[in-house]
Amino acid sequence: MQPSDPTMTTGQWAQLVLLSILWGGTFILTVPALQGFAPVALVAWRLSIAALTLLVICGWLGLSLHPLIAHGPRLLLLAVLNNAVPFFLISTGQTVIGAGLASIFNSTTPLWTALIAAFIFGNETLKGMKLAGISMGILGVAVLIGPAALSGLGGPPWAMACFVGAAISYGFGANLARGLGDLPPVLIATGQCLCSSVLVMIAALLTVGPGGLISDDGAAIASIITIGTAMTAGAYLLYFNLIAKAGATNGSLVTILIPVSAILAGIVLFGETMTANGWMGFALISFGLLMIDGRLFKKRTRRVTPVP
């Protein structure tokens with residue numbers, strides 16, 4: 001594959017924002033879902049519902065699943081790197097470290113993705129402006145969430161290593177997904193969710209048993225159905241389309257936007273107010289994304305270039 005560092009179109013930025021809204025909303029719906037299900041059961045149902053939803057979409061589009069067979073090993077590895085490993089590491093780390101610091105660690109995913117893409121897969125080039133923009137965005141996430149999130153910095157090193165490991169795992173997964181460019185995004189999403197749903201469902205049966213997969217909590221059931229359909233199946237369709245069209249690093253920028261979407265949802269749905277830290281964080285994240293996009297700076301450069 002030829003090295004590339006594509007600039008995203010306006011439409012792709014819109015998809016990235018929508019993706020961040022879907023995945024940011026997952027944090028909100030996970031709260032009622034956990035009232036009726038253990039974490040491993042929640043993930044098992046989430047992935048199973050997503051896989052079923054994607055199978056229905058494939059059937060509606062008339063897509064054959066046979067092309068997935070040839071990519072079976074890669075899809076299985078993708079399921080491990082994008083779902084099983086990071087989900088386990090994040091849930092383990094959050095037993096002792098708060099969600100705020102977890103979001104900051106998670107927002108480093110684009111940085112790891114860019115480094116892995118350049119030095120291991122060789123399918124993207126590193127540019128100073130993009131790396132500076134990613135760093136600015138990570139700083140913006142830290143400021144946005146506020147000093148309270150940093151109180152977890154005294155946590156055990158193994159917990160912080162869990163979050164770093166999850167971000168690295170996502171970085172490898174994003175780059176690995178780009179190697180499936182000959183498959184439509186819907187098939188990639190279907191293959192990954194099928195593999196990961198089987199793996200996590202087995203883990204759930206071994207840990208909580210069949211009884212742990214059943215609940216009479218209506219709100220929890222409704223939350224999991226919504227998470228599995230719109231926020232997993234639908235989100236992965238957007239995600240793999242972005243990876244195919246805009247590159248692994250650009251697609252992983254969603255992790256910078258997710259905390260923004262989650263906080264905005266809190267403002268709109270629950271009447272929360274924005275602090276000074278929040279506005280400053282938004283400004284840093286916005287400027288970082290402009291640096292990553294690069295077009296604004298290119299236009300300014302052309303305006304000041306003298307005409308011979």
# chains A, B, ... in the order shown; residues from 1 in each chain; ligands from 1
call {"tool": "residues_around", "arguments": {"residues": "Gln192 of chain A", "least_positions_apart": "2", "cutoff": "6 Å", "atoms": "only C-alpha atoms", "output": "MDAnalysis selection string"}}
result
chainID A and resid 75 79 189:190 194:195
call {"tool": "closest_atom_pairs", "arguments": {"of": "segment 36-151 of chain A", "to": "segment 209-219 of chain A", "cutoff": "9 Å", "atoms": "only C-alpha atoms", "output": "JSON lines"}}
result
{"residue": "A:Gly36", "atom": "CA", "partner": "A:Asp217", "partner_atom": "CA", "distance": 5.6}
{"residue": "A:Phe37", "atom": "CA", "partner": "A:Ser215", "partner_atom": "CA", "distance": 6.8}
{"residue": "A:Ala38", "atom": "CA", "partner": "A:Gly212", "partner_atom": "CA", "distance": 7.2}
{"residue": "A:Ala41", "atom": "CA", "partner": "A:Leu213", "partner_atom": "CA", "distance": 5.6}
{"residue": "A:Leu42", "atom": "CA", "partner": "A:Leu213", "partner_atom": "CA", "distance": 8.1}
{"residue": "A:Ala44", "atom": "CA", "partner": "A:Leu213", "partner_atom": "CA", "distance": 8.6}
{"residue": "A:Trp45", "atom": "CA", "partner": "A:Leu213", "partner_atom": "CA", "distance": 8.0}
call {"tool": "residues_around", "arguments": {"residues": "Trp279 of chain A", "least_positions_apart": "2", "cutoff": "12 Å", "atoms": "only C-alpha atoms", "output": "count of residues only"}}
result
20
call {"tool": "atom_distance", "arguments": {"atom1": "atom CA of Ile258 of chain A", "atom2": "atom CA of Gln15 of chain A"}}
result
12.9 Å
call {"tool": "residues_around", "arguments": {"residues": "Ala230 of chain A", "least_positions_apart": "2", "cutoff": "10 Å", "atoms": "only C-alpha atoms", "output": "NGL selection string"}}
result
:A and (22-23 or 26 or 50 or 53 or 225-228 or 232-237)
call {"tool": "write_last_selection", "arguments": {"atoms": "N, CA and C atoms", "output": "compact mmCIF listing (two decimals), in the first residue's frame"}}
result
# COMPACT_ATOMS: atom_id res chain seq x y z
N LEU A 22 -22.56 9.24 18.56
CA LEU A 22 -23.04 7.89 18.81
C LEU A 22 -22.24 7.23 19.93
N TRP A 23 -20.91 7.28 19.83
CA TRP A 23 -20.09 6.63 20.84
C TRP A 23 -20.09 7.41 22.15
N THR A 26 -23.05 6.43 24.15
CA THR A 26 -22.94 5.12 24.78
C THR A 26 -22.64 5.23 26.26
N ALA A 50 -25.49 -6.05 17.85
CA ALA A 50 -24.87 -5.37 16.72
C ALA A 50 -24.63 -6.32 15.55
N THR A 53 -27.94 -7.06 13.90
CA THR A 53 -28.37 -5.89 13.13
C THR A 53 -27.63 -5.80 11.81
N ILE A 225 -30.36 -2.50 23.80
CA ILE A 225 -30.82 -2.60 22.41
C ILE A 225 -30.40 -1.37 21.62
N THR A 226 -30.53 -0.20 22.22
CA THR A 226 -30.13 1.04 21.55
C THR A 226 -28.62 1.08 21.33
N ILE A 227 -27.86 0.68 22.36
CA ILE A 227 -26.40 0.66 22.24
C ILE A 227 -25.98 -0.32 21.14
N GLY A 228 -26.60 -1.48 21.11
CA GLY A 228 -26.20 -2.49 20.15
C GLY A 228 -26.54 -2.14 18.71
N THR A 232 -23.48 0.82 18.12
CA THR A 232 -22.42 -0.14 17.81
C THR A 232 -22.48 -0.51 16.33
N ALA A 233 -23.60 -1.08 15.89
CA ALA A 233 -23.71 -1.45 14.48
C ALA A 233 -23.61 -0.22 13.58
N GLY A 234 -24.44 0.80 13.86
CA GLY A 234 -24.40 2.01 13.04
C GLY A 234 -23.08 2.73 13.13
N ALA A 235 -22.51 2.79 14.35
CA ALA A 235 -21.25 3.50 14.53
C ALA A 235 -20.11 2.82 13.79
N TYR A 236 -20.07 1.49 13.83
CA TYR A 236 -18.98 0.80 13.14
C TYR A 236 -19.09 0.94 11.63
N LEU A 237 -20.29 1.08 11.10
CA LEU A 237 -20.43 1.35 9.67
C LEU A 237 -19.75 2.67 9.31
call {"tool": "residues_around", "arguments": {"residues": "Val186 of chain A", "least_positions_apart": "4", "cutoff": "12 Å", "atoms": "only C-alpha atoms", "output": "PyMOL selection string"}}
result
chain A and resi 50-51+53-65+67-68+180-182+190-193+233-242+244
call {"tool": "atom_distance", "arguments": {"atom1": "atom CA of Ala102 of chain A", "atom2": "atom CA of Leu76 of chain A"}}
result
26.1 Å
call {"tool": "closest_residue", "arguments": {"among": "A:Leu34, A:Ala14, A:Ile134, A:Ile69", "to": "Leu253 of chain A", "atoms": "only C-alpha atoms"}}
result
A:Ile134
